[in-house]
Amino acid sequence: MEPLSHRGLPRLSWIDTLYSNFSYGADDYDGEGNEEQKGPPEGSETMPYIDESPTMSPQLSARSQGGGDSISPTPPEGLAPGVEAGKGLEMRKLVLSGFLASEEIYINQLEALLLPMKPLKATATTSQPVLTIQQIETIFYKIQDIYEIHKEFYDNLCPKVQQWDSQVTMGHLFQKLASQLGVYKAFVDNYKVALETAEKCSQSNNQFQKISEELKVKGPKDSKDSHTSVTMEALLYKPIDRVTRSTLVLHDLLKHTPVDHPDYPLLQDALRISQNFLSSINEDIDPRRTAVTTPKGETRQLVKDGFLVEVSESSRKLRHVFLFTDVLLCAKLKKTSAGKHQQYDCKWYIPLADLVFPSPEESEASPQVHPFPDHELEDMKMKISALKSEIQKEKANKGQSRAIERLKKKMFENEFLLLLNSPTIPFRIHNRNGKSYLFLLSSDYERSEWREAIQKLQKKDLQAFVLSSVELQVLTGSCFKLRTVHNIPVTSNKDDDESPGLYGFLHVIVHSAKGFKQSANLYCTLEVDSFGYFVSKAKTRVFRDTTEPKWDEEFEIELEGSQSLRILCYEKCYDKTKVNKDNNEIVDKIMGKGQIQLDPQTVETKNWHTDVIEMNGIKVEFSMKFTSRDMSLKRTPSKKQTGVFGVKISVVTKRERSKVPYIVRQCVEEVEKRGIEEVGIYRISGVATDIQALKAVFDANNKDILLMLSDMDINAIAGTLKLYFRELPEPLLTDRLYPAFMEGIGEPAAALRAGLGRAPTSKGKSARRGRVAEWPGGLDPLPSVPLPWPLTSLLRNPGIQENLP
């Protein structure tokens, strides 16, 4: 919310007046390569909800005479009180006439809002109510009182303006109106709840939805238009907007009222009350609301924003995307010199009336973008973890702030690269009159959120338009203050006191789901956040042709600073014609999605914690428990020497007369045969029961191993191989060779390549110590910021491209 100015008064944005008669077209805009436009007048670089300098008031302009609710600039200041009294008198009448006309429109709007209230109350006591009494009272809270206040004010002011002469006084009417602003305070406090209640009722009741989407507002007496259709949401905002307009009128009336006039002290008192009221609610009103209107005359609001990776000119660009009530705007932060305010540069925008989502079969093939190899992404994660360790060590030793800042900068660079290069899920939007745009996301959950938010807004009666260069600059200028997502989602931007998240393993059992209206082929996926973005970690089997799937499948998910778990429920599509050209995958339909916070106090227990997550009427039951990394890294040798799990490699290879254990060869061969094209191989968890079944078969050296491998889910096979390496009594990088390995990566050149820039410590320990809690030799790594195990690089040739626990 924009604070009040030094004069203590709010104002409406100058753009309302300047473009009140602007005609809108239907093209989109691409900001790439265009000349920088000239800015708006000083002090107008943003669109605050309550603006700062009262330079205009509602008057009888050409448009307001025709029934519009617009404002026009006042004459220049310079009329001293008592000077040119005749001219001042005419100006007072002009200001009051304009305000009276807009007051009539406001009363008509309140009447339209109250019109459905009585029949709704009448049905509330019947056997088939549209809304409950409580819902009605919440939605229409204080509207009747506000209407009566303004109806009385209008009825008393109207004859005074119509029978205008030099002796007319009306200051007492404004003073009384200002003294009743307490009703508005109650309305403002309830405003958000009223909107949420109306929205929920619209979703659950078609009859109320029809009522709320088209309320009829009477036109002014002299207007040719008898009625106009307005949504309930737009009308509920009118009282908030009205307080600002009333304060503007008081300012202009005082400007044209001599100090010795009887009205002067009364208007001054009314203005003081209004100013205090606006100051009290200035921070309470949703800061995303703006004073700039849409082409339909409604208030433009920011609905959603976030950082997305756009594919532009065959390269990845990080953009900040803003979804307003009628337009999607793609921007980037401008580089600014020290001491100057940051600003956004608009790259392009699409009016929502022109925005369409191409179907998978209609979409064009993606432009060629150089994909980042998985092993390079893993290397970035290792560098980030190592830098975290360095920062913590510097802080613990009270190191120089300059050194810490240098490490933080390096960590931010690596995190930024990871954020930019890790997303792979395509999200394409198209302007029906022009270009298509492609974003890459890390999570199907996020893609669904953006699509649903846009489609919800498109259900309203939207109009196509073109923003002038000034309008576009004002809108883009507002983004910095209106944004709800302030920083790029990397840990470098987090405060030190924020939760570091969980490191270890989350065991999740997806039990069942209920609430489906029709039989379908259903499955669930699990996502967790890691390094600033969400990734898919597990997937249940498809439960065919049912309304109540019962999976009862257990997964083990590795957490790397995770704070949230997401569950998505899909309907499997077997129609091969519905292939997304961006990734050559058949598109499955999301039936529901939900998210829970991973509260350490809840999950860090030895017992399973059962919970239910609700999503669009669907309920998914699941259980989870957490194992810390300290516990999971303890290696316990197997007491039996007949199997392969928990047995030294030397024992197994000697028994099998082979240099590579049979389990490694078979699992790697099966992955290379069936899993090379699988998204997330060695990352997405296999079903725990399947992994345990394979473990038992390999331990027993069952003759049906090959048949079982060919039928088993490929993620379960990858998970079995990871489990085998994890349960080795001694790591592949053996205890004997470990000091030499650490000395090698501690060399200055290696450290420089790792992004650390420091040599080993005096005790021979490298800064890049990492996730080595299982290693002997007196090492004491920082457990709070563990590194991925460096086995990845050694096993890259056989096709293993994921961190092995």
# chains A, B, ... in the order shown; residues from 1 in each chain; ligands from 1

$ closest_atom_pairs --of "stretch 465-536 of chain A" --to "stretch 319-325 of chain A" --cutoff "12 Å" --atoms "only C-alpha atoms" --output "Markdown table"
| residue | atom | partner | partner_atom | distance |
| --- | --- | --- | --- | --- |
| A:Leu475 | CA | A:Phe324 | CA | 10.0 |
| A:Thr476 | CA | A:Phe322 | CA | 9.4 |
| A:Ser478 | CA | A:Phe322 | CA | 10.7 |
| A:Cys479 | CA | A:Phe322 | CA | 7.6 |
| A:Phe480 | CA | A:His320 | CA | 10.3 |
| A:Leu482 | CA | A:Phe322 | CA | 9.5 |
| A:Arg483 | CA | A:Phe322 | CA | 7.9 |
| A:Thr484 | CA | A:Phe322 | CA | 9.7 |
| A:Val485 | CA | A:His320 | CA | 9.0 |
| A:His486 | CA | A:His320 | CA | 9.7 |
| A:Asn487 | CA | A:His320 | CA | 9.8 |
| A:Ile488 | CA | A:His320 | CA | 9.0 |
| A:Pro489 | CA | A:His320 | CA | 11.5 |

$ write_last_selection --atoms "N, CA, C and O atoms" --output "compact mmCIF listing (two decimals), in the first residue's frame"
# COMPACT_ATOMS: atom_id res chain seq x y z
N LEU A 475 1.94 0.47 -15.85
CA LEU A 475 1.64 -0.88 -15.39
C LEU A 475 2.91 -1.62 -15.00
O LEU A 475 2.98 -2.26 -13.94
N THR A 476 3.94 -1.53 -15.84
CA THR A 476 5.21 -2.19 -15.54
C THR A 476 5.87 -1.58 -14.30
O THR A 476 6.44 -2.28 -13.47
N SER A 478 4.40 -0.42 -11.79
CA SER A 478 3.69 -0.83 -10.57
C SER A 478 4.12 -2.21 -10.10
O SER A 478 3.92 -2.56 -8.95
N CYS A 479 4.73 -2.99 -11.00
CA CYS A 479 5.04 -4.39 -10.67
C CYS A 479 5.97 -4.52 -9.47
O CYS A 479 5.84 -5.44 -8.67
N PHE A 480 6.92 -3.59 -9.34
CA PHE A 480 7.90 -3.72 -8.26
C PHE A 480 7.24 -3.62 -6.89
O PHE A 480 7.59 -4.36 -5.97
N LEU A 482 3.86 -4.02 -6.36
CA LEU A 482 2.71 -4.92 -6.24
C LEU A 482 3.12 -6.38 -6.10
O LEU A 482 2.33 -7.20 -5.64
N ARG A 483 4.32 -6.72 -6.49
CA ARG A 483 4.74 -8.12 -6.52
C ARG A 483 4.56 -8.79 -5.16
O ARG A 483 4.74 -8.18 -4.11
N THR A 484 4.17 -10.04 -5.19
CA THR A 484 4.03 -10.82 -3.96
C THR A 484 5.23 -11.76 -3.77
O THR A 484 5.56 -12.13 -2.66
N VAL A 485 5.86 -12.15 -4.89
CA VAL A 485 7.09 -12.94 -4.83
C VAL A 485 8.25 -11.98 -5.05
O VAL A 485 8.45 -11.48 -6.15
N HIS A 486 9.00 -11.71 -4.00
CA HIS A 486 9.98 -10.63 -4.06
C HIS A 486 11.35 -11.07 -4.57
O HIS A 486 12.03 -10.31 -5.25
N ASN A 487 11.76 -12.28 -4.23
CA ASN A 487 13.13 -12.68 -4.54
C ASN A 487 13.15 -13.95 -5.38
O ASN A 487 12.24 -14.77 -5.34
N ILE A 488 14.23 -14.10 -6.15
CA ILE A 488 14.46 -15.34 -6.88
C ILE A 488 14.52 -16.48 -5.87
O ILE A 488 15.20 -16.36 -4.84
N PRO A 489 13.83 -17.60 -6.12
CA PRO A 489 13.74 -18.66 -5.10
C PRO A 489 15.01 -19.48 -4.94
O PRO A 489 15.10 -20.64 -5.35

$ residues_around --residues "stretch 183-195 of chain A" --least-positions-apart "6" --cutoff "8 Å" --atoms "only C-alpha atoms" --output "list in words"
Thr138, Ile139, Phe140, Tyr141, Lys142, Ile143, Asp145, Ile146, Glu233, Leu236, Pro239, Ile240, Phe277, Ile281, Asp284 and Ile285 of chain A

$ write_last_selection --atoms "N, CA and C atoms" --output "PDB file, in the first residue's frame"
ATOM      1  N   THR A 138     -22.421 -12.338   5.629  1.00  0.00           N
ATOM      2  CA  THR A 138     -20.985 -12.102   5.394  1.00  0.00           C
ATOM      3  C   THR A 138     -20.750 -11.358   4.077  1.00  0.00           C
ATOM      4  N   ILE A 139     -21.416 -11.796   3.019  1.00  0.00           N
ATOM      5  CA  ILE A 139     -21.210 -11.193   1.701  1.00  0.00           C
ATOM      6  C   ILE A 139     -21.738  -9.759   1.654  1.00  0.00           C
ATOM      7  N   PHE A 140     -22.920  -9.525   2.223  1.00  0.00           N
ATOM      8  CA  PHE A 140     -23.564  -8.202   2.136  1.00  0.00           C
ATOM      9  C   PHE A 140     -23.384  -7.392   3.419  1.00  0.00           C
ATOM     10  N   TYR A 141     -22.320  -7.672   4.137  1.00  0.00           N
ATOM     11  CA  TYR A 141     -22.085  -7.024   5.433  1.00  0.00           C
ATOM     12  C   TYR A 141     -21.963  -5.494   5.281  1.00  0.00           C
ATOM     13  N   LYS A 142     -22.842  -4.771   6.009  1.00  0.00           N
ATOM     14  CA  LYS A 142     -22.855  -3.295   6.097  1.00  0.00           C
ATOM     15  C   LYS A 142     -23.253  -2.594   4.796  1.00  0.00           C
ATOM     16  N   ILE A 143     -23.609  -3.326   3.757  1.00  0.00           N
ATOM     17  CA  ILE A 143     -23.998  -2.673   2.497  1.00  0.00           C
ATOM     18  C   ILE A 143     -25.281  -1.865   2.686  1.00  0.00           C
ATOM     19  N   ASP A 145     -26.390  -0.460   5.426  1.00  0.00           N
ATOM     20  CA  ASP A 145     -26.078   0.754   6.197  1.00  0.00           C
ATOM     21  C   ASP A 145     -25.394   1.809   5.329  1.00  0.00           C
ATOM     22  N   ILE A 146     -24.454   1.373   4.502  1.00  0.00           N
ATOM     23  CA  ILE A 146     -23.757   2.318   3.616  1.00  0.00           C
ATOM     24  C   ILE A 146     -24.736   2.949   2.636  1.00  0.00           C
ATOM     25  N   GLU A 233     -18.278  -9.056  -7.582  1.00  0.00           N
ATOM     26  CA  GLU A 233     -16.941  -8.738  -7.097  1.00  0.00           C
ATOM     27  C   GLU A 233     -16.590  -7.270  -7.350  1.00  0.00           C
ATOM     28  N   LEU A 236     -18.626  -5.013  -4.965  1.00  0.00           N
ATOM     29  CA  LEU A 236     -18.167  -5.046  -3.571  1.00  0.00           C
ATOM     30  C   LEU A 236     -16.950  -4.157  -3.349  1.00  0.00           C
ATOM     31  N   PRO A 239     -17.417   0.531  -2.489  1.00  0.00           N
ATOM     32  CA  PRO A 239     -17.335   1.329  -1.253  1.00  0.00           C
ATOM     33  C   PRO A 239     -15.910   1.718  -0.879  1.00  0.00           C
ATOM     34  N   ILE A 240     -14.941   0.824  -1.114  1.00  0.00           N
ATOM     35  CA  ILE A 240     -13.547   1.160  -0.800  1.00  0.00           C
ATOM     36  C   ILE A 240     -13.063   2.304  -1.686  1.00  0.00           C
ATOM     37  N   PHE A 277      -9.093   8.498   8.662  1.00  0.00           N
ATOM     38  CA  PHE A 277      -9.670   7.192   8.315  1.00  0.00           C
ATOM     39  C   PHE A 277      -8.818   6.489   7.265  1.00  0.00           C
ATOM     40  N   ILE A 281      -6.621   2.768   7.429  1.00  0.00           N
ATOM     41  CA  ILE A 281      -6.843   1.574   6.605  1.00  0.00           C
ATOM     42  C   ILE A 281      -5.807   1.438   5.505  1.00  0.00           C
ATOM     43  N   ASP A 284      -4.166  -1.791   5.611  1.00  0.00           N
ATOM     44  CA  ASP A 284      -5.036  -2.960   5.771  1.00  0.00           C
ATOM     45  C   ASP A 284      -5.571  -3.482   4.454  1.00  0.00           C
ATOM     46  N   ILE A 285      -5.775  -2.575   3.483  1.00  0.00           N
ATOM     47  CA  ILE A 285      -6.355  -2.995   2.209  1.00  0.00           C
ATOM     48  C   ILE A 285      -5.321  -3.780   1.425  1.00  0.00           C
TER      49      ILE A 285
END

$ select_by_dssp --residues "stretch 431-605 of chain A" --states "strand (DSSP E)" --output "ChimeraX atom specification"
/A:431,436-441,502-514,520-530,533-539,543-546,550-562,564-571,579-580,585-586,589-597

$ closest_residue --among "A:Asp444, A:Glu556, A:Asp461, A:Asp545" --to "A:Asp588" --atoms "only C-alpha atoms"
A:Asp444

$ closest_residue --among "A:Asn206, A:Gln162, A:Gln180, A:Ser436" --to "A:Leu96" --atoms "only C-alpha atoms"
A:Gln162

$ select_by_dssp --residues "stretch 304-545 of chain A" --states "helix (DSSP H, G or I)" --output "number ranges by chain"
A: 352-354, 374-396, 401-421, 444-458, 469-482, 491-493

$ closest_residue --among "A:Leu506, A:Ala331, A:Leu417, A:Val651" --to "A:Ser628" --atoms "only C-alpha atoms"
A:Leu506

$ closest_residue --among "A:Glu390, A:Val490, A:His507, A:Val644" --to "A:Phe416" --atoms "only C-alpha atoms"
A:Val490

$ closest_residue --among "A:Gln400, A:Ser385, A:Asn701, A:Ser274" --to "A:Gly561" --atoms "only C-alpha atoms"
A:Ser385

$ atom_distance --atom1 "atom CA of A:Pro373" --atom2 "atom CA of A:Phe307"
22.5 Å
